[in-house]
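K.L.:
What follows is protein02.pdb, PDB, C-alpha atoms.
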ATOM      1  CA  MET A   1     -24.521  -5.361 -54.316
ATOM      2  CA  GLU A   2     -27.601  -3.154 -53.890
ATOM      3  CA  VAL A   3     -27.323  -0.269 -51.494
ATOM      4  CA  ALA A   4     -30.371  -1.422 -49.499
ATOM      5  CA  ALA A   5     -28.900  -4.903 -49.003
ATOM      6  CA  ALA A   6     -25.525  -3.455 -47.989
ATOM      7  CA  LYS A   7     -27.266  -1.179 -45.465
ATOM      8  CA  LEU A   8     -29.037  -4.104 -43.836
ATOM      9  CA  ILE A   9     -25.826  -6.148 -43.655
ATOM     10  CA  GLY A  10     -23.951  -3.141 -42.244
ATOM     11  CA  ALA A  11     -26.557  -2.562 -39.552
ATOM     12  CA  GLY A  12     -26.419  -6.226 -38.598
ATOM     13  CA  LEU A  13     -22.624  -6.120 -38.334
ATOM     14  CA  ALA A  14     -22.718  -2.935 -36.287
ATOM     15  CA  VAL A  15     -24.739  -4.470 -33.463
ATOM     16  CA  ILE A  16     -22.252  -7.335 -32.945
ATOM     17  CA  GLY A  17     -20.443  -4.958 -30.578
ATOM     18  CA  LEU A  18     -23.380  -5.189 -28.179
ATOM     19  CA  SER A  19     -22.068  -8.573 -27.003
ATOM     20  CA  GLY A  20     -19.214  -6.788 -25.203
ATOM     21  CA  VAL A  21     -21.721  -4.436 -23.603
ATOM     22  CA  GLY A  22     -23.776  -7.342 -22.323
ATOM     23  CA  ILE A  23     -20.674  -8.794 -20.668
ATOM     24  CA  GLY A  24     -19.812  -5.365 -19.255
ATOM     25  CA  ILE A  25     -23.201  -4.705 -17.669
ATOM     26  CA  GLY A  26     -23.256  -8.229 -16.247
ATOM     27  CA  ASN A  27     -19.805  -7.552 -14.791
ATOM     28  CA  VAL A  28     -20.911  -4.334 -13.100
ATOM     29  CA  PHE A  29     -23.929  -5.857 -11.437
ATOM     30  CA  ALA A  30     -22.106  -9.087 -10.564
ATOM     31  CA  SER A  31     -19.538  -6.997  -8.677
ATOM     32  CA  PHE A  32     -22.354  -5.087  -6.979
ATOM     33  CA  ILE A  33     -24.115  -8.272  -5.888
ATOM     34  CA  THR A  34     -20.848  -9.806  -4.648
ATOM     35  CA  ALA A  35     -19.940  -6.654  -2.722
ATOM     36  CA  VAL A  36     -23.354  -6.400  -1.066
ATOM     37  CA  GLY A  37     -23.312 -10.138  -0.385
ATOM     38  CA  ARG A  38     -20.033  -9.862   1.485
ATOM     39  CA  ASN A  39     -20.893  -6.625   3.284
ATOM     40  CA  PRO A  40     -24.593  -5.691   3.247
ATOM     41  CA  ALA A  41     -23.915  -2.440   5.099
ATOM     42  CA  ALA A  42     -21.973  -1.178   2.061
ATOM     43  CA  ARG A  43     -25.076  -1.164  -0.140
ATOM     44  CA  PRO A  44     -25.941   2.568   0.028
ATOM     45  CA  ILE A  45     -22.292   3.452  -0.539
ATOM     46  CA  VAL A  46     -21.762   1.288  -3.627
ATOM     47  CA  LEU A  47     -25.189   1.867  -5.210
ATOM     48  CA  PRO A  48     -24.453   5.262  -6.878
ATOM     49  CA  TYR A  49     -21.263   3.881  -8.444
ATOM     50  CA  THR A  50     -23.195   0.857  -9.713
ATOM     51  CA  PHE A  51     -25.687   3.068 -11.520
ATOM     52  CA  LEU A  52     -22.910   5.287 -12.843
ATOM     53  CA  GLY A  53     -21.034   2.258 -14.163
ATOM     54  CA  PHE A  54     -24.195   0.848 -15.727
ATOM     55  CA  ALA A  55     -24.954   4.138 -17.488
ATOM     56  CA  LEU A  56     -21.421   4.462 -18.844
ATOM     57  CA  VAL A  57     -21.418   0.909 -20.226
ATOM     58  CA  GLU A  58     -24.929   1.388 -21.651
ATOM     59  CA  ALA A  59     -23.631   4.470 -23.441
ATOM     60  CA  VAL A  60     -21.244   2.265 -25.442
ATOM     61  CA  ALA A  61     -24.224   0.121 -26.431
ATOM     62  CA  LEU A  62     -25.924   3.225 -27.709
ATOM     63  CA  TYR A  63     -22.871   4.315 -29.660
ATOM     64  CA  ALA A  64     -23.063   0.978 -31.508
ATOM     65  CA  LEU A  65     -26.818   1.387 -32.012
ATOM     66  CA  LEU A  66     -26.205   4.909 -33.321
ATOM     67  CA  ILE A  67     -23.788   3.587 -35.955
ATOM     68  CA  ALA A  68     -26.341   0.928 -36.893
ATOM     69  CA  PHE A  69     -29.042   3.566 -37.341
ATOM     70  CA  LEU A  70     -26.683   5.807 -39.289
ATOM     71  CA  VAL A  71     -25.855   2.942 -41.627
ATOM     72  CA  LEU A  72     -29.490   1.870 -41.941
ATOM     73  CA  PHE A  73     -31.208   5.225 -42.332
ATOM     74  CA  GLY A  74     -28.412   7.632 -43.336
TER
ATOM     75  CA  MET B   1     -48.024   5.905 -41.682
ATOM     76  CA  ALA B   2     -45.087   7.814 -40.228
ATOM     77  CA  GLY B   3     -41.732   6.090 -39.708
ATOM     78  CA  PRO B   4     -39.983   5.831 -36.334
ATOM     79  CA  LEU B   5     -37.720   8.816 -36.965
ATOM     80  CA  GLU B   6     -40.403  11.392 -37.774
ATOM     81  CA  GLN B   7     -40.943  12.183 -34.094
ATOM     82  CA  PHE B   8     -37.601  14.006 -34.064
ATOM     83  CA  GLU B   9     -38.531  16.482 -36.805
ATOM     84  CA  ILE B  10     -38.293  20.141 -35.884
ATOM     85  CA  LYS B  11     -41.404  22.092 -36.818
ATOM     86  CA  THR B  12     -41.382  25.892 -36.946
ATOM     87  CA  LEU B  13     -44.164  27.395 -34.844
ATOM     88  CA  VAL B  14     -43.400  31.122 -35.113
ATOM     89  CA  PRO B  15     -41.084  32.074 -38.010
ATOM     90  CA  ILE B  16     -38.519  34.685 -36.966
ATOM     91  CA  HIS B  17     -35.782  35.817 -39.321
ATOM     92  CA  ILE B  18     -33.062  38.173 -38.028
ATOM     93  CA  GLY B  19     -30.688  39.201 -40.797
ATOM     94  CA  GLY B  20     -30.104  35.990 -42.697
ATOM     95  CA  VAL B  21     -30.349  33.793 -39.611
ATOM     96  CA  ASP B  22     -33.322  31.543 -38.951
ATOM     97  CA  ALA B  23     -34.112  32.160 -35.274
ATOM     98  CA  SER B  24     -37.636  30.747 -35.442
ATOM     99  CA  PHE B  25     -39.531  29.599 -32.400
ATOM    100  CA  THR B  26     -39.760  25.865 -33.027
ATOM    101  CA  ASN B  27     -41.361  22.972 -31.181
ATOM    102  CA  ALA B  28     -37.922  22.345 -29.656
ATOM    103  CA  SER B  29     -37.893  25.919 -28.287
ATOM    104  CA  LEU B  30     -41.429  25.462 -26.979
ATOM    105  CA  PHE B  31     -40.526  22.347 -25.015
ATOM    106  CA  MET B  32     -37.376  23.945 -23.652
ATOM    107  CA  VAL B  33     -39.573  26.784 -22.347
ATOM    108  CA  VAL B  34     -41.976  24.187 -20.927
ATOM    109  CA  ALA B  35     -39.104  22.371 -19.173
ATOM    110  CA  VAL B  36     -37.699  25.571 -17.643
ATOM    111  CA  THR B  37     -41.190  26.682 -16.556
ATOM    112  CA  ALA B  38     -41.874  23.284 -15.006
ATOM    113  CA  VAL B  39     -38.576  23.334 -13.055
ATOM    114  CA  THR B  40     -39.182  26.912 -11.840
ATOM    115  CA  LEU B  41     -42.762  26.208 -10.766
ATOM    116  CA  PHE B  42     -41.784  22.921  -9.092
ATOM    117  CA  LEU B  43     -39.041  24.530  -7.004
ATOM    118  CA  THR B  44     -40.582  27.910  -6.177
ATOM    119  CA  ILE B  45     -44.118  26.732  -5.408
ATOM    120  CA  GLY B  46     -42.732  23.694  -3.587
ATOM    121  CA  MET B  47     -40.654  25.829  -1.267
ATOM    122  CA  ARG B  48     -43.285  28.511  -0.736
ATOM    123  CA  LYS B  49     -44.531  27.290   2.638
ATOM    124  CA  ARG B  50     -41.131  26.733   4.281
ATOM    125  CA  GLU B  51     -42.495  24.458   6.989
ATOM    126  CA  MET B  52     -40.105  22.870   9.428
ATOM    127  CA  VAL B  53     -41.783  19.521   8.824
ATOM    128  CA  PRO B  54     -42.079  19.584   5.042
ATOM    129  CA  GLY B  55     -45.175  18.665   3.082
ATOM    130  CA  ARG B  56     -44.984  16.582  -0.104
ATOM    131  CA  TRP B  57     -43.850  19.183  -2.660
ATOM    132  CA  GLN B  58     -41.393  20.835  -0.290
ATOM    133  CA  SER B  59     -40.056  17.418   0.620
ATOM    134  CA  MET B  60     -39.418  16.574  -3.038
ATOM    135  CA  SER B  61     -37.671  19.886  -3.702
ATOM    136  CA  GLU B  62     -35.505  19.462  -0.609
ATOM    137  CA  LEU B  63     -34.663  15.851  -1.474
ATOM    138  CA  ILE B  64     -33.493  16.758  -4.986
ATOM    139  CA  TYR B  65     -31.506  19.719  -3.638
ATOM    140  CA  GLN B  66     -29.864  17.520  -1.008
ATOM    141  CA  PHE B  67     -29.113  14.809  -3.542
ATOM    142  CA  VAL B  68     -27.328  17.153  -5.961
ATOM    143  CA  ALA B  69     -25.622  19.085  -3.135
ATOM    144  CA  GLY B  70     -24.287  15.844  -1.651
ATOM    145  CA  MET B  71     -23.071  14.704  -5.059
ATOM    146  CA  VAL B  72     -21.266  18.006  -5.678
ATOM    147  CA  ARG B  73     -19.721  18.099  -2.191
ATOM    148  CA  GLU B  74     -18.543  14.484  -2.480
ATOM    149  CA  ASN B  75     -17.133  14.692  -6.004
ATOM    150  CA  VAL B  76     -15.791  18.229  -6.232
ATOM    151  CA  GLY B  77     -14.871  18.902  -2.609
ATOM    152  CA  ASN B  78     -15.596  22.016  -0.615
ATOM    153  CA  GLU B  79     -14.446  24.487  -3.269
ATOM    154  CA  GLY B  80     -17.118  23.068  -5.527
ATOM    155  CA  ARG B  81     -19.847  24.908  -3.648
ATOM    156  CA  ALA B  82     -19.440  27.896  -5.939
ATOM    157  CA  TYR B  83     -20.346  25.712  -8.913
ATOM    158  CA  PHE B  84     -23.364  24.064  -7.301
ATOM    159  CA  PRO B  85     -25.969  26.399  -8.904
ATOM    160  CA  PHE B  86     -24.660  25.553 -12.367
ATOM    161  CA  ILE B  87     -24.628  21.806 -11.781
ATOM    162  CA  PHE B  88     -28.071  21.917 -10.140
ATOM    163  CA  THR B  89     -29.498  23.880 -13.084
ATOM    164  CA  LEU B  90     -27.916  21.438 -15.529
ATOM    165  CA  PHE B  91     -29.304  18.445 -13.631
ATOM    166  CA  MET B  92     -32.839  19.843 -13.319
ATOM    167  CA  PHE B  93     -33.020  21.011 -16.936
ATOM    168  CA  ILE B  94     -31.846  17.678 -18.366
ATOM    169  CA  LEU B  95     -34.072  15.726 -15.940
ATOM    170  CA  PHE B  96     -37.232  17.672 -16.763
ATOM    171  CA  ALA B  97     -36.453  17.793 -20.495
ATOM    172  CA  ASN B  98     -36.014  13.990 -20.515
ATOM    173  CA  LEU B  99     -39.161  13.366 -18.456
ATOM    174  CA  ILE B 100     -41.382  15.769 -20.415
ATOM    175  CA  GLY B 101     -40.276  14.014 -23.607
ATOM    176  CA  LEU B 102     -41.863  10.819 -22.280
ATOM    177  CA  LEU B 103     -45.359  12.295 -22.284
ATOM    178  CA  PRO B 104     -47.486  11.386 -25.333
ATOM    179  CA  TYR B 105     -47.451  13.842 -28.234
ATOM    180  CA  SER B 106     -44.518  15.764 -26.745
ATOM    181  CA  PHE B 107     -41.034  16.388 -28.077
ATOM    182  CA  THR B 108     -37.774  15.333 -26.438
ATOM    183  CA  VAL B 109     -35.475  18.316 -26.457
ATOM    184  CA  THR B 110     -32.387  16.316 -25.482
ATOM    185  CA  SER B 111     -32.814  13.904 -28.385
ATOM    186  CA  HIS B 112     -31.100  16.420 -30.645
ATOM    187  CA  ILE B 113     -27.313  16.307 -30.773
ATOM    188  CA  ILE B 114     -27.091  20.090 -31.097
ATOM    189  CA  VAL B 115     -28.842  20.579 -27.732
ATOM    190  CA  THR B 116     -26.752  17.996 -25.900
ATOM    191  CA  PHE B 117     -23.592  19.227 -27.625
ATOM    192  CA  ALA B 118     -24.378  22.783 -26.526
ATOM    193  CA  LEU B 119     -24.717  21.598 -22.912
ATOM    194  CA  ALA B 120     -21.585  19.439 -23.098
ATOM    195  CA  GLY B 121     -19.680  22.218 -24.878
ATOM    196  CA  VAL B 122     -20.532  24.707 -22.139
ATOM    197  CA  VAL B 123     -19.352  22.221 -19.509
ATOM    198  CA  PHE B 124     -16.098  21.454 -21.356
ATOM    199  CA  VAL B 125     -15.191  25.060 -22.182
ATOM    200  CA  GLY B 126     -16.180  26.219 -18.700
ATOM    201  CA  VAL B 127     -14.187  23.517 -16.917
ATOM    202  CA  THR B 128     -11.098  24.139 -19.099
ATOM    203  CA  ILE B 129     -11.273  27.898 -18.496
ATOM    204  CA  ILE B 130     -11.670  27.317 -14.745
ATOM    205  CA  ALA B 131      -8.604  25.058 -14.779
ATOM    206  CA  LEU B 132      -6.546  27.541 -16.816
ATOM    207  CA  VAL B 133      -7.528  30.468 -14.605
ATOM    208  CA  LYS B 134      -6.790  28.554 -11.424
ATOM    209  CA  HIS B 135      -3.545  26.814 -12.411
ATOM    210  CA  GLY B 136      -2.219  28.889 -15.308
ATOM    211  CA  LEU B 137       0.179  27.001 -17.539
ATOM    212  CA  LYS B 138       0.604  24.263 -14.906
ATOM    213  CA  PHE B 139      -2.740  22.995 -16.247
ATOM    214  CA  PHE B 140      -0.826  21.088 -18.929
ATOM    215  CA  SER B 141       0.815  18.945 -16.245
ATOM    216  CA  TYR B 142      -2.622  17.251 -16.048
ATOM    217  CA  PHE B 143      -1.812  15.343 -19.231
ATOM    218  CA  VAL B 144       1.296  13.740 -17.723
ATOM    219  CA  PRO B 145       0.092  11.171 -15.155
ATOM    220  CA  HIS B 146       1.996  10.957 -11.888
ATOM    221  CA  GLY B 147       5.101   8.791 -12.105
ATOM    222  CA  THR B 148       5.364   8.223 -15.859
ATOM    223  CA  PRO B 149       8.851   7.327 -17.116
ATOM    224  CA  VAL B 150      10.116   9.900 -19.636
ATOM    225  CA  VAL B 151      10.382   7.191 -22.317
ATOM    226  CA  MET B 152       6.604   6.598 -22.226
ATOM    227  CA  MET B 153       5.644  10.264 -22.464
ATOM    228  CA  PRO B 154       5.562  10.707 -26.301
ATOM    229  CA  LEU B 155       3.029   7.859 -26.426
ATOM    230  CA  LEU B 156       1.043   8.645 -23.286
ATOM    231  CA  VAL B 157       0.601  12.424 -23.538
ATOM    232  CA  PRO B 158      -1.159  12.395 -26.969
ATOM    233  CA  ILE B 159      -3.453   9.634 -25.689
ATOM    234  CA  GLU B 160      -4.287  11.704 -22.610
ATOM    235  CA  VAL B 161      -4.910  14.810 -24.722
ATOM    236  CA  ILE B 162      -7.176  12.931 -27.125
ATOM    237  CA  SER B 163      -9.177  11.394 -24.273
ATOM    238  CA  TYR B 164      -9.535  14.880 -22.726
ATOM    239  CA  LEU B 165     -10.749  16.332 -26.027
ATOM    240  CA  ALA B 166     -13.168  13.417 -26.398
ATOM    241  CA  ARG B 167     -14.976  14.454 -23.201
ATOM    242  CA  PRO B 168     -17.527  16.895 -24.686
ATOM    243  CA  VAL B 169     -18.146  14.451 -27.542
ATOM    244  CA  THR B 170     -18.864  11.468 -25.293
ATOM    245  CA  LEU B 171     -20.849  13.583 -22.842
ATOM    246  CA  ALA B 172     -23.098  14.886 -25.629
ATOM    247  CA  LEU B 173     -23.298  11.589 -27.489
ATOM    248  CA  ARG B 174     -24.259   9.569 -24.415
ATOM    249  CA  LEU B 175     -27.326  11.675 -23.593
ATOM    250  CA  PHE B 176     -28.337  12.061 -27.254
ATOM    251  CA  ALA B 177     -27.979   8.368 -28.099
ATOM    252  CA  ASN B 178     -29.852   7.225 -24.974
ATOM    253  CA  MET B 179     -32.802   9.519 -25.645
ATOM    254  CA  THR B 180     -32.963   8.924 -29.400
ATOM    255  CA  ALA B 181     -32.554   5.143 -29.208
ATOM    256  CA  GLY B 182     -35.189   4.834 -26.481
ATOM    257  CA  HIS B 183     -37.803   6.879 -28.283
ATOM    258  CA  THR B 184     -37.070   5.213 -31.633
ATOM    259  CA  MET B 185     -37.542   1.776 -30.064
ATOM    260  CA  LEU B 186     -40.858   2.882 -28.546
ATOM    261  CA  LYS B 187     -42.043   4.065 -31.966
ATOM    262  CA  VAL B 188     -40.879   0.868 -33.712
ATOM    263  CA  PHE B 189     -42.818  -1.332 -31.278
ATOM    264  CA  ALA B 190     -45.807   0.987 -31.587
ATOM    265  CA  GLY B 191     -45.685   0.291 -35.311
ATOM    266  CA  PHE B 192     -45.736  -3.438 -34.592
ATOM    267  CA  VAL B 193     -48.880  -3.048 -32.454
ATOM    268  CA  ILE B 194     -50.771  -1.603 -35.413
ATOM    269  CA  LEU B 195     -49.265  -4.152 -37.806
ATOM    270  CA  LEU B 196     -50.265  -7.232 -35.809
ATOM    271  CA  GLY B 197     -53.891  -6.242 -35.257
ATOM    272  CA  VAL B 198     -55.383  -8.530 -32.607
ATOM    273  CA  PHE B 199     -52.021 -10.003 -31.574
ATOM    274  CA  GLY B 200     -50.781  -6.465 -31.005
ATOM    275  CA  VAL B 201     -51.132  -7.119 -27.268
ATOM    276  CA  ALA B 202     -47.667  -8.677 -27.206
ATOM    277  CA  PRO B 203     -45.805  -5.603 -28.548
ATOM    278  CA  MET B 204     -48.009  -3.519 -26.212
ATOM    279  CA  VAL B 205     -46.624  -5.388 -23.186
ATOM    280  CA  VAL B 206     -43.121  -4.769 -24.524
ATOM    281  CA  ILE B 207     -43.957  -1.063 -24.875
ATOM    282  CA  VAL B 208     -45.028  -0.920 -21.218
ATOM    283  CA  ALA B 209     -41.739  -2.556 -20.157
ATOM    284  CA  LEU B 210     -39.734  -0.269 -22.456
ATOM    285  CA  TYR B 211     -41.537   2.777 -21.049
ATOM    286  CA  GLY B 212     -40.414   1.782 -17.544
ATOM    287  CA  LEU B 213     -36.866   1.400 -18.844
ATOM    288  CA  GLU B 214     -37.080   4.799 -20.540
ATOM    289  CA  LEU B 215     -38.198   6.375 -17.263
ATOM    290  CA  LEU B 216     -35.152   4.879 -15.522
ATOM    291  CA  VAL B 217     -32.882   6.001 -18.375
ATOM    292  CA  ALA B 218     -34.271   9.564 -18.232
ATOM    293  CA  LEU B 219     -33.434   9.832 -14.530
ATOM    294  CA  LEU B 220     -30.120   8.025 -14.867
ATOM    295  CA  GLN B 221     -28.844  10.095 -17.802
ATOM    296  CA  ALA B 222     -29.520  13.352 -15.984
ATOM    297  CA  TYR B 223     -27.628  11.964 -12.962
ATOM    298  CA  VAL B 224     -24.731  10.701 -15.115
ATOM    299  CA  PHE B 225     -24.391  14.048 -16.909
ATOM    300  CA  ALA B 226     -24.315  15.909 -13.589
ATOM    301  CA  ILE B 227     -21.884  13.533 -11.897
ATOM    302  CA  LEU B 228     -19.503  13.514 -14.856
ATOM    303  CA  THR B 229     -19.584  17.325 -14.852
ATOM    304  CA  SER B 230     -18.696  17.207 -11.142
ATOM    305  CA  LEU B 231     -15.835  14.771 -11.799
ATOM    306  CA  TYR B 232     -14.437  16.916 -14.632
ATOM    307  CA  LEU B 233     -14.692  19.923 -12.341
ATOM    308  CA  HIS B 234     -12.807  17.994  -9.650
ATOM    309  CA  ASP B 235     -10.066  17.217 -12.184
ATOM    310  CA  ALA B 236      -9.920  20.890 -13.183
ATOM    311  CA  LEU B 237      -9.711  22.164  -9.613
ATOM    312  CA  HIS B 238      -7.290  19.548  -8.298
ATOM    313  CA  LEU B 239      -5.396  18.541 -11.470
ATOM    314  CA  HIS B 240      -5.324  14.816 -10.896
TER
END
Show me the file's structure as structure tokens.
P.N.:
Amino acid sequence: MEVAAAKLIGAGLAVIGLSGVGIGIGNVFASFITAVGRNPAARPIVLPYTFLGFALVEAVALYALLIAFLVLFG
Amino acid sequence: MAGPLEQFEIKTLVPIHIGGVDASFTNASLFMVVAVTAVTLFLTIGMRKREMVPGRWQSMSELIYQFVAGMVRENVGNEGRAYFPFIFTLFMFILFANLIGLLPYSFTVTSHIIVTFALAGVVFVGVTIIALVKHGLKFFSYFVPHGTPVVMMPLLVPIEVISYLARPVTLALRLFANMTAGHTMLKVFAGFVILLGVFGVAPMVVIVALYGLELLVALLQAYVFAILTSLYLHDALHLH
């Protein structure tokens, strides 16, 4: 197989992991919406943790993207 | 036409060679100086008037100070006050470096792994030294979680050690990957705008949306770096 073709296939495979990240981010914000729905006064307390959780899950997405770029352009 | 990764190239502006070491003043150095200057000017000129009812600049400086101070007090506890200047400096530098990188024709300092790894390395080494100085050899009890049966320890302790050693790596990688991926995506869509000619309006709309996302990510990543530093410091000071 040509190297260029293998690189493209590898990059495509690497981003399959982003499905888990999509579920994770949805989970974080679903919990936030549920919590605020049950207790609206808790919103300013839970908001920093929501953003922290989102950033940490997004980081995993970027690790996968990093591998994809490394495979594609490295 | 340039590819999407050429924006991350380091260009030497003033060549300086000391011994055999290349200590040139590069575009990365220039933008680090710009970031530090911007932070210093923002805070010192903002607080110059010291009014009781603050004006706009003073209000912004005070809000950021209060935000970081509250975060440190909440996550590290009262003994964390000694480390507030470090965490505040870290937060402001990363924030301004990220934001300045969003301006056209500029260079994102934090999109280089060596810069983010230097910051994360300082945090990791500093926090470990603080823990060792404060707790001595009892520091190693941190790797044995409370209430583990002795049978589980040979499996659990190496896992804990590895996850502790992974901290500087993930800290550095998170900031680097966020910045690099964001800017690369912006450049890729910019390429599409040129490629599509008249229909380049569609990628342009996507670029506007992505730019908003990048602004959020710039702020968020600075906050995440600072809060994770505070949490690691809390672990070091309280060992659990």
K.L.:
Which residues, named as in the file, does the PyMOL selection byres ((chain A and resi 62) around 8) pick out? Answer as a ChimeraX atom specification.
P.N.:
/A:58-61,63-66 /B:174,177-178,181
K.L.:
Any chance you could resolve the PyMOL selection byres ((chain B) within 12 of (chain A)) against this file and give the residues as a PyMOL selection string?
P.N.:
chain B and resi 3-6+67+70-71+74-75+113+169-182+184-185+216-228+231
K.L.:
Going by the chain IDs and residue numbers used in this file, which residues fall under the PyMOL selection byres ((chain A and resi 15) around 12)? Write them as an mmCIF file with C-alpha atoms, in the frame of the given file.
P.N.:
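In the end it all went to part-v9.cif:
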data_model
loop_
_atom_site.group_PDB
_atom_site.id
_atom_site.type_symbol
_atom_site.label_atom_id
_atom_site.label_comp_id
_atom_site.auth_asym_id
_atom_site.auth_seq_id
_atom_site.Cartn_x
_atom_site.Cartn_y
_atom_site.Cartn_z
ATOM 1 C CA LEU A 8 -29.037 -4.104 -43.836
ATOM 2 C CA ILE A 9 -25.826 -6.148 -43.655
ATOM 3 C CA GLY A 10 -23.951 -3.141 -42.244
ATOM 4 C CA ALA A 11 -26.557 -2.562 -39.552
ATOM 5 C CA GLY A 12 -26.419 -6.226 -38.598
ATOM 6 C CA LEU A 13 -22.624 -6.120 -38.334
ATOM 7 C CA ALA A 14 -22.718 -2.935 -36.287
ATOM 8 C CA ILE A 16 -22.252 -7.335 -32.945
ATOM 9 C CA GLY A 17 -20.443 -4.958 -30.578
ATOM 10 C CA LEU A 18 -23.380 -5.189 -28.179
ATOM 11 C CA SER A 19 -22.068 -8.573 -27.003
ATOM 12 C CA GLY A 20 -19.214 -6.788 -25.203
ATOM 13 C CA VAL A 21 -21.721 -4.436 -23.603
ATOM 14 C CA GLY A 22 -23.776 -7.342 -22.323
ATOM 15 C CA VAL A 60 -21.244 2.265 -25.442
ATOM 16 C CA ALA A 61 -24.224 0.121 -26.431
ATOM 17 C CA LEU A 62 -25.924 3.225 -27.709
ATOM 18 C CA TYR A 63 -22.871 4.315 -29.660
ATOM 19 C CA ALA A 64 -23.063 0.978 -31.508
ATOM 20 C CA LEU A 65 -26.818 1.387 -32.012
ATOM 21 C CA LEU A 66 -26.205 4.909 -33.321
ATOM 22 C CA ILE A 67 -23.788 3.587 -35.955
ATOM 23 C CA ALA A 68 -26.341 0.928 -36.893
ATOM 24 C CA PHE A 69 -29.042 3.566 -37.341
ATOM 25 C CA LEU A 70 -26.683 5.807 -39.289
ATOM 26 C CA VAL A 71 -25.855 2.942 -41.627
ATOM 27 C CA LEU A 72 -29.490 1.870 -41.941
#
K.L.:
Just give me the gap between atom CA of A:Pro40 and atom CA of A:Gly24 in Å, one decimal is fine.
P.N.:
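These atoms are spaced 23.0 Å apart.
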K.L.:
Could you tell me how far atom CA of B:Ser61 sits from atom CA of B:Phe42, in Å to one decimal place?
P.N.:
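That distance, rounded to one decimal, is 7.4 Å.
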K.L.:
Atom CA of B:Ala120 to atom CA of B:Leu90: how many Å, to one decimal?
P.N.:
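These atoms are spaced 10.1 Å apart.
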K.L.:
Write out as lines of an AutoDock Vina configuration file an axis-aligned box for stretch 195-202 of chain B: all of its atoms listed in the file, 3 Å added on each side, centre and edge lengths in Å with one decimal.
P.N.:
center_x = -51.5
center_y = -7.1
center_z = -32.5
size_x = 13.7
size_y = 11.9
size_z = 16.6
K.L.:
Which is closer to B:Thr108 than all the others in B:Tyr83, B:Phe8, B:Phe143, B:Phe93, using only C-alpha atoms?
P.N.:
B:Phe8
K.L.:
May I have the protein, DNA and RNA residues with an atom at most 12 Å from (-7.9, 23.3, -18.1), counting all atoms listed in the file in the file's coordinates, returned as an mmCIF file with C-alpha atoms, in the coordinates of the input?
P.N.:
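Dumped everything to point_30.cif:
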data_model
loop_
_atom_site.group_PDB
_atom_site.id
_atom_site.type_symbol
_atom_site.label_atom_id
_atom_site.label_comp_id
_atom_site.auth_asym_id
_atom_site.auth_seq_id
_atom_site.Cartn_x
_atom_site.Cartn_y
_atom_site.Cartn_z
ATOM 1 C CA VAL B 123 -19.352 22.221 -19.509
ATOM 2 C CA PHE B 124 -16.098 21.454 -21.356
ATOM 3 C CA VAL B 125 -15.191 25.060 -22.182
ATOM 4 C CA GLY B 126 -16.180 26.219 -18.700
ATOM 5 C CA VAL B 127 -14.187 23.517 -16.917
ATOM 6 C CA THR B 128 -11.098 24.139 -19.099
ATOM 7 C CA ILE B 129 -11.273 27.898 -18.496
ATOM 8 C CA ILE B 130 -11.670 27.317 -14.745
ATOM 9 C CA ALA B 131 -8.604 25.058 -14.779
ATOM 10 C CA LEU B 132 -6.546 27.541 -16.816
ATOM 11 C CA VAL B 133 -7.528 30.468 -14.605
ATOM 12 C CA LYS B 134 -6.790 28.554 -11.424
ATOM 13 C CA HIS B 135 -3.545 26.814 -12.411
ATOM 14 C CA GLY B 136 -2.219 28.889 -15.308
ATOM 15 C CA LEU B 137 0.179 27.001 -17.539
ATOM 16 C CA LYS B 138 0.604 24.263 -14.906
ATOM 17 C CA PHE B 139 -2.740 22.995 -16.247
ATOM 18 C CA PHE B 140 -0.826 21.088 -18.929
ATOM 19 C CA SER B 141 0.815 18.945 -16.245
ATOM 20 C CA TYR B 142 -2.622 17.251 -16.048
ATOM 21 C CA PHE B 143 -1.812 15.343 -19.231
ATOM 22 C CA VAL B 161 -4.910 14.810 -24.722
ATOM 23 C CA TYR B 164 -9.535 14.880 -22.726
ATOM 24 C CA LEU B 165 -10.749 16.332 -26.027
ATOM 25 C CA TYR B 232 -14.437 16.916 -14.632
ATOM 26 C CA LEU B 233 -14.692 19.923 -12.341
ATOM 27 C CA HIS B 234 -12.807 17.994 -9.650
ATOM 28 C CA ASP B 235 -10.066 17.217 -12.184
ATOM 29 C CA ALA B 236 -9.920 20.890 -13.183
ATOM 30 C CA LEU B 237 -9.711 22.164 -9.613
ATOM 31 C CA HIS B 238 -7.290 19.548 -8.298
ATOM 32 C CA LEU B 239 -5.396 18.541 -11.470
ATOM 33 C CA HIS B 240 -5.324 14.816 -10.896
#
K.L.:
Which residues come within 10 Å of B:Thr89, counting all atoms listed in the file, excluding same-chain residues fewer than 5 positions away, as an MDAnalysis selection string?
P.N.:
chainID B and resid 36 39 84 94:95 226
K.L.:
Given the choices A:Phe29, A:Met1, A:Gly74, A:Lys7, which gets closest to A:Leu47 if the distance is worked out from all atoms listed in the file?
P.N.:
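Checking each candidate against A:Leu47, we get A:Phe29 as the closest.
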